[in-house]
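Colleague: Below is the structure I would like to discuss, written out as structure tokens.
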Amino acid sequence: MPNLVNITIDNKKIQAPEGANLLQVAKDNGITIPHLCYHKKLTPTGACRLCLVKIKDMRGMVTSCTIKVEEGMEVTAFDAELEEARKYLLDYLLAEHNDAYDGSYHDEFRELVIRYGLEKKENRRFPSIWKELGYPKDESSPVLSYDASKCIKCFRCIKACDEVQGKNVLSFTNRGITSYITGGFEKWGESECDGCGECIQLCPTGAIVEKPHRSDINIENGIKKVRTTCPYCGVGCQLELWVKDGKIVRSMGVEDISPNYGRLCVKGRFGYDYINHSERLKTPLIKKDGQFVEASWDEALDLVARKFKETKEKYGREALAGYASAKTTNEDNYLFMKLVRMVFGNNNVDYCTRLCHASTVTAMLKAVGDGAGSNSIEDYANSDCMLVTGNNMIETHPVTATFVKHAVQRQGAKVIIIDPKWTPLVKDAYIWLQPRLGTDVALLNGMIRVIISEDLVDRDFIKKRVDGGMKAFEDLKALTAKYTPEYVEEITGVSAKLMIEAARVYAKARKPLIATGMGYSQQVTGTHNVFCLINMMLITGQIGRVGAGINPPRGQNNVQGVSDVGTSPFTYPGYIPVEDAENRRKVAKIWGVPFEELDGEKGLSTVEIMQAAYEGKVKAMYIMGENPMITDPNLNHTEEAIQKLDFLVVQDIFPTETTRYADVILPAAAFAEKEGTFVNSDRRVLRVRKAVEAPGQARQDWHIITEIAERMGKPLGNYQTESDIWNEIAQTAPIFAGISYDRLEHRGIQWPCPGKDHPGTATLFLEKFNTPNGLGKLHPVDFAEQSERADAKYPFILNTGRILYQYHSSTMSRRNKSLTDFANEAYMLMHPDDAAHCGFHEGDMVKVISRRGAIETTVRISEEVLQGELFMPFHFGEAPVNKLTRDELDPYSKIAPFKISAVRMEKL
Amino acid sequence: MAAVFHCIIQIFITFPNAKETALCTVIPVRFCKPNPYGNMSTKEILDKFEARQDNLLMILHALQDNHPQNYLTEEALSDAAKYLKLTKSSVYGVAKYYSMFSLKPRGKYIIRVCVSPVCELMKGKEVLAQLEETLGIIAGETTPCGRFSLEIAECLGQCQEAPSMMINDKVFNHLDSKKVNEVISKYRHK
Ligand code: SF4
Ligand code: SF4
Ligand code: FES
Ligand code: FES
């Protein structure tokens, strides 16, 4: 804590931390000194000079935004002379300024103009000259417009992009009075700008404004603002949705609040139009003679309940299964899980986590006892070394990436990237290791060997906190002995020198964080990859203190929460194993059902459910908000499986590739139409709030679920509001015990939060691990060749992934013009040498064929991939890359290897 | 081959106006000063410099000098940005800030007239006006034949002998109307 000093501002006595910004201190104490270029998120600029003050013993007037407070400072913020100077400066600025105002944004400049009585031209000292200066406009960006005639050259946008978002896309061009902001070569749309909108949010004058819905907005008139949580990724950014006439017209980042402190990415800021899209499902639909016909809710729900009941009676309870959804709330998923366990009577409930982080979670559960990230998102900003493995953070978790960039740009932290494909974070990286696809275990064993042979291990930590202590360590040492740098280089293609340096940097760091993503988890060896990471982390003692640990950023907004509330075939709420009879007894009591009715055997996981459907064992399915016909591996197989079902219910907000196969489609409310909670990647429970009404007859997911249960003769309980459901979750899951809606009003709380006065837990494992004996466990594993390799017939290895502008099966993201304007096409990345060898050119249409299926797409040539490897985003239904992937599973976590498929290509 | 090419262009250029206009705009000209980089590719030039951001100015100079029309193309700026891991706008901002860089094609001879205070006092503005009149272009433009570009410059460091101008890298001081005429007509036929 810095020292407190005593100062006075206009004779008011104020205490403030030594060295704090004077302008900010004044503001925090209710004295708002006029200012334009200062913003508390940015370093002071001192450009506008409006914040002038007088300080005793300093000469003349000084800009308060560039002054740090010191003991005894006596400040005059307002007197006639200062006010006159401000008025003069403002007047001067006005001369070069186009002061037209359309009411669609918050105009700080205009407010000052009004305050100083300058809105009328007669009151101004200087004639207006901006028209002669020939200021340009730049309309080339899909999402924003820049009008230089409104720009006051305050630097806020430049710094917003650079200091806050770490992108530095903007600069000044020209000199003096005619200077203005430029993105790229005065064509914003062709610059590196990715549309995050930080510059819009911080521009004080409306020089940079949003394009969408601009004409709908008048900020003084009929705008309702609702704070909620972003529906896209697992960062959980806090948004303020602006609603006009029942329609969302803008989305702003909420300042000052974790996890995003006002920052957003392009999806959070511009990806809301899907809510109001004409294709939303609005009435229940029942398939009759192969055609969907509209039905009443009663008709649809009765049919669903009757069919589920009949199936259960005819084939037994094992014939039913459900897919829950990482897009819906904890409350929805909790009741979905309750329906499956209590009404279906089995544990066949799972969701897409099996397709993304199941291997990470499995490995982490075994080794450290918790599958969730051990640290907070903010910790990245204070880290000195970040090991980013198979994680294209800038595109998949853009706001988390801003913290990483802050660490690099502000304090020289070192980022080590392990990824076979180039990602934008490479630009900020200290080392990029580019192993061949599927050789991660060898690479990490090599790094471990370096650490051991250079004696960078933490013996104390091993002795105190690792199961088996030095003996377990010796086993790991023996296993990794053969992974010499030369041997590893041969397998992985990674230069021994770089690998050694990476190992040293990680082992020696003070606050290293591992951020591991889909690239590591979505392999047949997914669990092994993460075991190796944890082995390295444990022997170096790089966990168990604030700022050190391992964090798998969650893909979807609520992947974390859905697991937390027990929507899993293996665990009840709070990660208590299904087999734990004690816990089942407790839950049975809370639910008011006989203990015997709760199945004590593990259920089927996502891909297993499909396989069971294929084999005719699962006969009826309830899918809520998932689109397995795009996201599951080996789609041709999934399709056959789904077709074999006797009865399929799909509940969603849009028709999808999957609803086509449904017998009944139930229209549901979207995130902006819901109350509830999500849990983000750093275990933070965050409120979701209703901003607009659901369209047509669409209903809340949890209403639909309770209706079905009721009609099946087993009501789930008497819930009036989402808060009632949450309270029951908190009862069943000890990690949530202390959390209730009233505590979430202002900010999220990180679990575990065992009691009402517990503040939540920012860092896991400080004292002990969550394993039964409290110790971390090493799992030495050997490198094994991938079962599917390139061969003469299928000479390329295909990798898949995401891009910034689209989201998953793109059901939501592709229904936003702002996002599709940025990127709307499937493609296949190929190394230039491979392209030359095959005779492919940029833009050629090709057919890509694997042992399982074939798709068509266009070629893009790029050095982002290694020779022999290809990359394709999986968002696009017209080129569904999962027709090519395998459903051969990681034996431990049942995850599918989306990242590695052997393919060949033919020119079309 | 290069030599032949060289001659052809030279011949056309010394021809009277009409033809000059037609041909010079088609065939780029550059032999006012030897190109130190001998028309290398952008990549070859970049490789001559260490990829350090403080080399930006040197790199931009080299790229501009290397271009037959004495300017920085968007491709060149993009390549430089990529090479130095800078964003496009930061390179663009620098290129636009310094008057010695041009983002538009320029003539064979770049006349830069000082308009800083000392020269202005010594009637530098008249020099500029005279040049604009004689060449038929205003500052910032290039003659249609591609022979001259006229630019204004900040202090050339010749204040003792103001007013001053430069033509490419040669300095001319103590300018008056007569001297300006002499110099220009010499360059017209050079
Ligand atoms: S929208 Fe974001 S990336 Fe684009 S210029 Fe503004 S701050 Fe930078
Ligand atoms: S565009 Fe806005 S934020 Fe940027 S310098 Fe101009 S006024 Fe400031
Ligand atoms: S706010 Fe201090 S100079 Fe602009
Ligand atoms: S003012 Fe012209 S050379 Fe210095």
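Chain identifiers are assigned as A, B, and so on, following the order in which chains appear in the structure tokens; residues are numbered from 1 within each chain, and ligands are numbered from 1 in order of appearance.
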Write out as a list in words each polymer residue whose atoms come within 9 Å of range 57-59 of chain B, counting only C-alpha atoms; drop sequence neighbours fewer than 3 positions from it.

Modeller: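 The contact residues come out as Ile45, Leu46, Lys48, Phe49, Gln53, Asp54, Ala62, Leu63, Gln64, Ala80, Val94 and Ala95 of chain B.
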
Colleague: Among the residues of range 668-840 of chain A, find those DSSP assigns to alpha helix (DSSP H) from the backbone and print them as a ChimeraX atom specification.

Modeller: /A:701-711,722-732,741-744,817-822,832-838

Colleague: Can those selected residues be exported to a file as a short mmCIF file (atom, residue, chain, number, x, y, z; two decimals), in the first residue's frame so that it contains N, CA, C and O atoms?

Modeller:
data_model
loop_
_atom_site.label_atom_id
_atom_site.label_comp_id
_atom_site.auth_asym_id
_atom_site.auth_seq_id
_atom_site.Cartn_x
_atom_site.Cartn_y
_atom_site.Cartn_z
N ASP A 701 -35.76 -21.33 -21.22
CA ASP A 701 -35.39 -22.75 -21.23
C ASP A 701 -35.88 -23.46 -19.98
O ASP A 701 -36.42 -24.55 -20.05
N TRP A 702 -35.68 -22.82 -18.84
CA TRP A 702 -36.05 -23.54 -17.62
C TRP A 702 -37.54 -23.73 -17.46
O TRP A 702 -38.00 -24.72 -16.91
N HIS A 703 -38.33 -22.79 -18.01
CA HIS A 703 -39.78 -22.99 -18.00
C HIS A 703 -40.14 -24.24 -18.80
O HIS A 703 -40.96 -25.05 -18.38
N ILE A 704 -39.52 -24.36 -19.96
CA ILE A 704 -39.83 -25.50 -20.82
C ILE A 704 -39.46 -26.80 -20.11
O ILE A 704 -40.22 -27.77 -20.10
N ILE A 705 -38.29 -26.80 -19.48
CA ILE A 705 -37.82 -28.02 -18.80
C ILE A 705 -38.78 -28.42 -17.67
O ILE A 705 -39.18 -29.58 -17.55
N THR A 706 -39.18 -27.43 -16.88
CA THR A 706 -40.07 -27.78 -15.76
C THR A 706 -41.43 -28.27 -16.28
O THR A 706 -42.03 -29.18 -15.71
N GLU A 707 -41.87 -27.69 -17.40
CA GLU A 707 -43.14 -28.12 -17.98
C GLU A 707 -43.07 -29.58 -18.42
O GLU A 707 -44.00 -30.37 -18.20
N ILE A 708 -41.97 -29.93 -19.04
CA ILE A 708 -41.83 -31.32 -19.53
C ILE A 708 -41.84 -32.28 -18.33
O ILE A 708 -42.53 -33.29 -18.33
N ALA A 709 -41.07 -31.91 -17.30
CA ALA A 709 -41.01 -32.78 -16.12
C ALA A 709 -42.39 -32.95 -15.51
O ALA A 709 -42.83 -34.06 -15.20
N GLU A 710 -43.07 -31.83 -15.40
CA GLU A 710 -44.40 -31.86 -14.82
C GLU A 710 -45.32 -32.79 -15.60
O GLU A 710 -46.03 -33.62 -15.04
N ARG A 711 -45.27 -32.66 -16.94
CA ARG A 711 -46.15 -33.47 -17.77
C ARG A 711 -45.72 -34.93 -17.79
O ARG A 711 -46.46 -35.81 -18.19
N GLU A 722 -35.50 -17.19 -11.18
CA GLU A 722 -34.20 -17.81 -11.38
C GLU A 722 -33.42 -17.84 -10.08
O GLU A 722 -32.62 -18.74 -9.84
N SER A 723 -33.66 -16.85 -9.25
CA SER A 723 -32.95 -16.78 -7.98
C SER A 723 -33.30 -18.00 -7.10
O SER A 723 -32.45 -18.53 -6.38
N ASP A 724 -34.55 -18.45 -7.16
CA ASP A 724 -34.93 -19.65 -6.41
C ASP A 724 -34.12 -20.85 -6.88
O ASP A 724 -33.68 -21.68 -6.09
N ILE A 725 -33.95 -20.94 -8.19
CA ILE A 725 -33.18 -22.08 -8.72
C ILE A 725 -31.75 -21.97 -8.23
O ILE A 725 -31.14 -22.95 -7.79
N TRP A 726 -31.20 -20.74 -8.31
CA TRP A 726 -29.82 -20.57 -7.87
C TRP A 726 -29.64 -21.01 -6.41
O TRP A 726 -28.67 -21.68 -6.06
N ASN A 727 -30.59 -20.63 -5.58
CA ASN A 727 -30.46 -20.98 -4.17
C ASN A 727 -30.39 -22.49 -3.98
O ASN A 727 -29.67 -22.98 -3.11
N GLU A 728 -31.10 -23.21 -4.82
CA GLU A 728 -31.03 -24.67 -4.73
C GLU A 728 -29.66 -25.17 -5.22
O GLU A 728 -29.08 -26.08 -4.64
N ILE A 729 -29.13 -24.52 -6.26
CA ILE A 729 -27.79 -24.89 -6.73
C ILE A 729 -26.79 -24.70 -5.59
O ILE A 729 -25.95 -25.55 -5.31
N ALA A 730 -26.91 -23.57 -4.92
CA ALA A 730 -25.97 -23.27 -3.83
C ALA A 730 -26.08 -24.29 -2.71
O ALA A 730 -25.11 -24.56 -2.00
N GLN A 731 -27.28 -24.85 -2.55
CA GLN A 731 -27.45 -25.89 -1.52
C GLN A 731 -26.77 -27.19 -1.93
O GLN A 731 -26.21 -27.89 -1.10
N THR A 732 -26.85 -27.52 -3.22
CA THR A 732 -26.31 -28.82 -3.65
C THR A 732 -24.82 -28.76 -3.93
O THR A 732 -24.14 -29.77 -3.82
N TYR A 741 -27.94 -14.18 -5.33
CA TYR A 741 -28.08 -13.09 -6.32
C TYR A 741 -27.76 -11.73 -5.73
O TYR A 741 -27.15 -10.89 -6.39
N ASP A 742 -28.16 -11.48 -4.49
CA ASP A 742 -27.93 -10.13 -3.96
C ASP A 742 -26.43 -9.83 -3.87
O ASP A 742 -26.02 -8.70 -4.07
N ARG A 743 -25.63 -10.86 -3.67
CA ARG A 743 -24.18 -10.60 -3.62
C ARG A 743 -23.60 -10.37 -5.01
O ARG A 743 -22.47 -9.88 -5.15
N LEU A 744 -24.34 -10.76 -6.04
CA LEU A 744 -23.81 -10.64 -7.41
C LEU A 744 -24.24 -9.35 -8.09
O LEU A 744 -23.91 -9.11 -9.24
N LYS A 817 -24.54 -8.64 -39.23
CA LYS A 817 -23.88 -8.12 -40.41
C LYS A 817 -22.48 -7.60 -40.08
O LYS A 817 -21.54 -7.80 -40.83
N SER A 818 -22.34 -6.97 -38.91
CA SER A 818 -21.03 -6.43 -38.56
C SER A 818 -19.97 -7.52 -38.58
O SER A 818 -18.84 -7.31 -39.00
N LEU A 819 -20.32 -8.69 -38.10
CA LEU A 819 -19.33 -9.76 -38.02
C LEU A 819 -19.11 -10.41 -39.37
O LEU A 819 -17.96 -10.70 -39.75
N THR A 820 -20.19 -10.62 -40.12
CA THR A 820 -19.98 -11.25 -41.43
C THR A 820 -19.26 -10.30 -42.38
O THR A 820 -18.58 -10.74 -43.29
N ASP A 821 -19.41 -9.00 -42.16
CA ASP A 821 -18.65 -8.06 -42.99
C ASP A 821 -17.15 -8.26 -42.80
O ASP A 821 -16.35 -8.01 -43.69
N PHE A 822 -16.75 -8.67 -41.63
CA PHE A 822 -15.33 -8.92 -41.39
C PHE A 822 -14.88 -10.26 -41.97
O PHE A 822 -13.81 -10.36 -42.56
N PRO A 832 2.98 -22.33 -48.53
CA PRO A 832 3.30 -21.98 -49.93
C PRO A 832 4.03 -23.11 -50.68
O PRO A 832 3.76 -23.32 -51.86
N ASP A 833 4.93 -23.80 -50.00
CA ASP A 833 5.68 -24.85 -50.70
C ASP A 833 4.76 -26.00 -51.09
O ASP A 833 4.88 -26.57 -52.17
N ASP A 834 3.85 -26.34 -50.19
CA ASP A 834 2.90 -27.40 -50.51
C ASP A 834 2.01 -26.97 -51.68
O ASP A 834 1.72 -27.76 -52.58
N ALA A 835 1.59 -25.71 -51.62
CA ALA A 835 0.71 -25.21 -52.67
C ALA A 835 1.43 -25.27 -54.01
O ALA A 835 0.87 -25.72 -55.02
N ALA A 836 2.70 -24.84 -54.01
CA ALA A 836 3.47 -24.87 -55.25
C ALA A 836 3.59 -26.31 -55.75
O ALA A 836 3.41 -26.61 -56.93
N HIS A 837 3.87 -27.19 -54.82
CA HIS A 837 4.06 -28.59 -55.18
C HIS A 837 2.79 -29.19 -55.77
O HIS A 837 2.82 -29.95 -56.73
N CYS A 838 1.64 -28.82 -55.19
CA CYS A 838 0.37 -29.39 -55.68
C CYS A 838 -0.20 -28.57 -56.83
O CYS A 838 -1.24 -28.93 -57.38
#

Colleague: Give me, as a list in words, the set of residues whose atoms come within 7 Å of any atom of ligand 1, counting only C-alpha atoms and all ligand atoms.

Modeller: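 Counting only what the definition allows, namely only C-alpha atoms and all ligand atoms, the set is Cys157, Ala160, Cys161, Gln165, Lys167, Asn168, Val169, Leu170, Gly183, Glu192, Cys193, Asp194, Gly195, Cys196, Gly197, Glu198, Cys199 and Ile200 of chain A.
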
Colleague: Within 9 Å of ligand 4 (counting only C-alpha atoms and all ligand atoms), which residues show up? I'd like them as a list in words.

Modeller: Val113, Cys114, Val115, Ser116, Pro117, Val118, Cys119, Glu120, Leu121, Met122, Gly124, Ala153, Glu154, Cys155, Leu156, Gly157, Gln158, Cys159, Gln160, Glu161, Ala162, Pro163, Ser164, Met165 and Asn173 of chain B

Colleague: Using C-alpha atoms, can you export the residues from the last selection as a PDB file, in the first residue's frame?

Modeller:
ATOM      1  CA  VAL B 113      11.927  25.572 -51.211  1.00  0.00           C
ATOM      2  CA  CYS B 114      12.515  26.672 -47.659  1.00  0.00           C
ATOM      3  CA  VAL B 115       9.657  28.621 -46.123  1.00  0.00           C
ATOM      4  CA  SER B 116      10.946  28.743 -42.552  1.00  0.00           C
ATOM      5  CA  PRO B 117      11.149  32.159 -40.868  1.00  0.00           C
ATOM      6  CA  VAL B 118      14.608  33.293 -41.956  1.00  0.00           C
ATOM      7  CA  CYS B 119      14.076  32.420 -45.593  1.00  0.00           C
ATOM      8  CA  GLU B 120      10.631  33.886 -45.452  1.00  0.00           C
ATOM      9  CA  LEU B 121      12.129  37.121 -44.235  1.00  0.00           C
ATOM     10  CA  MET B 122      14.522  37.057 -47.145  1.00  0.00           C
ATOM     11  CA  GLY B 124      11.637  32.912 -49.809  1.00  0.00           C
ATOM     12  CA  ALA B 153      10.496  22.576 -46.827  1.00  0.00           C
ATOM     13  CA  GLU B 154      11.278  23.458 -43.260  1.00  0.00           C
ATOM     14  CA  CYS B 155      14.627  25.114 -42.507  1.00  0.00           C
ATOM     15  CA  LEU B 156      17.371  23.644 -44.634  1.00  0.00           C
ATOM     16  CA  GLY B 157      20.097  24.763 -42.280  1.00  0.00           C
ATOM     17  CA  GLN B 158      21.276  27.452 -44.724  1.00  0.00           C
ATOM     18  CA  CYS B 159      19.884  30.461 -42.876  1.00  0.00           C
ATOM     19  CA  GLN B 160      23.158  32.377 -43.239  1.00  0.00           C
ATOM     20  CA  GLU B 161      22.703  32.378 -46.986  1.00  0.00           C
ATOM     21  CA  ALA B 162      18.927  32.591 -47.228  1.00  0.00           C
ATOM     22  CA  PRO B 163      16.751  32.264 -49.157  1.00  0.00           C
ATOM     23  CA  SER B 164      17.473  28.688 -50.096  1.00  0.00           C
ATOM     24  CA  MET B 165      16.195  25.710 -51.967  1.00  0.00           C
ATOM     25  CA  ASN B 173      21.497  29.752 -51.801  1.00  0.00           C
TER      26      ASN B 173
END

Colleague: Between A:Pro44, A:Gly184, A:Pro569, A:Gly390, which residue has the minimum interatomic distance to ligand 3, considering only C-alpha atoms and all ligand atoms?

Modeller: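 So, comparing all the options, the nearest one is A:Pro44.
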
Colleague: Write out, as a Markdown table, each residue of chain A that has an atom at most 8 Å from ligand 3, together with the closest pair of atoms and their distance in Å to one decimal, counting only C-alpha atoms and all ligand atoms, rows going by chain and rising number.

Modeller:
| residue | atom | partner | partner_atom_place_in_ligand_line | distance |
| --- | --- | --- | --- | --- |
| A:Leu23 | CA | ligand 3 | 2 (Fe) | 7.7 |
| A:Pro34 | CA | ligand 3 | 1 (S) | 7.2 |
| A:His35 | CA | ligand 3 | 1 (S) | 4.0 |
| A:Leu36 | CA | ligand 3 | 1 (S) | 4.9 |
| A:Cys37 | CA | ligand 3 | 4 (Fe) | 3.9 |
| A:Tyr38 | CA | ligand 3 | 1 (S) | 4.1 |
| A:His39 | CA | ligand 3 | 1 (S) | 7.7 |
| A:Pro44 | CA | ligand 3 | 2 (Fe) | 7.0 |
| A:Thr45 | CA | ligand 3 | 3 (S) | 6.2 |
| A:Gly46 | CA | ligand 3 | 3 (S) | 3.3 |
| A:Ala47 | CA | ligand 3 | 3 (S) | 4.5 |
| A:Cys48 | CA | ligand 3 | 4 (Fe) | 3.8 |
| A:Arg49 | CA | ligand 3 | 3 (S) | 3.7 |
| A:Leu50 | CA | ligand 3 | 4 (Fe) | 5.6 |
| A:Cys51 | CA | ligand 3 | 2 (Fe) | 4.5 |
| A:Leu52 | CA | ligand 3 | 2 (Fe) | 7.0 |
| A:Thr63 | CA | ligand 3 | 2 (Fe) | 5.1 |
| A:Ser64 | CA | ligand 3 | 2 (Fe) | 5.9 |
| A:Cys65 | CA | ligand 3 | 2 (Fe) | 4.2 |
| A:Thr66 | CA | ligand 3 | 2 (Fe) | 6.6 |
| A:Cys154 | CA | ligand 3 | 4 (Fe) | 7.1 |

Colleague: What residues have any atom no more than 8 Å from ligand 2 when counting only C-alpha atoms and all ligand atoms, and can you list them as a list of chain:residue names?

Modeller: A:Cys37, A:Tyr146, A:Asp147, A:Ala148, A:Lys150, A:Cys151, A:Ile152, A:Lys153, A:Cys154, A:Phe155, A:Arg156, A:Cys157, A:Ile158, A:Tyr180, A:Ile181, A:Cys199, A:Ile200, A:Leu202, A:Cys203, A:Pro204, A:Thr205, A:Gly206, A:Ala207, A:Ile208

Colleague: Go ahead and save the residues from that selection, with C-alpha atoms, as a CSV table (one decimal), in the first residue's frame.

Modeller:
chain,number,residue,atom,x,y,z
A,37,CYS,CA,-7.7,14.2,-23.1
A,146,TYR,CA,-14.2,8.5,-38.3
A,147,ASP,CA,-14.9,12.2,-39.0
A,148,ALA,CA,-11.7,14.3,-38.6
A,150,LYS,CA,-15.0,16.3,-35.1
A,151,CYS,CA,-11.7,15.2,-33.8
A,152,ILE,CA,-10.0,17.3,-31.1
A,153,LYS,CA,-6.7,15.4,-31.3
A,154,CYS,CA,-6.8,14.3,-27.7
A,155,PHE,CA,-4.9,11.0,-28.3
A,156,ARG,CA,-7.5,8.9,-26.5
A,157,CYS,CA,-8.3,6.6,-29.3
A,158,ILE,CA,-4.7,6.1,-30.2
A,180,TYR,CA,-6.0,13.8,-37.8
A,181,ILE,CA,-6.2,10.1,-36.9
A,199,CYS,CA,-11.6,3.7,-29.5
A,200,ILE,CA,-15.3,4.4,-29.9
A,202,LEU,CA,-13.2,6.3,-25.2
A,203,CYS,CA,-13.6,9.1,-27.9
A,204,PRO,CA,-14.9,12.1,-26.1
A,205,THR,CA,-16.4,13.9,-29.1
A,206,GLY,CA,-18.1,11.5,-31.5
A,207,ALA,CA,-15.3,11.7,-34.0
A,208,ILE,CA,-15.3,7.9,-33.9

Colleague: Hey, list the chain B side of the contact with chain A: 10 Å cut-off, only C-alpha atoms, answer as a ChimeraX atom specification.

Modeller: /B:74,77-78,85-99
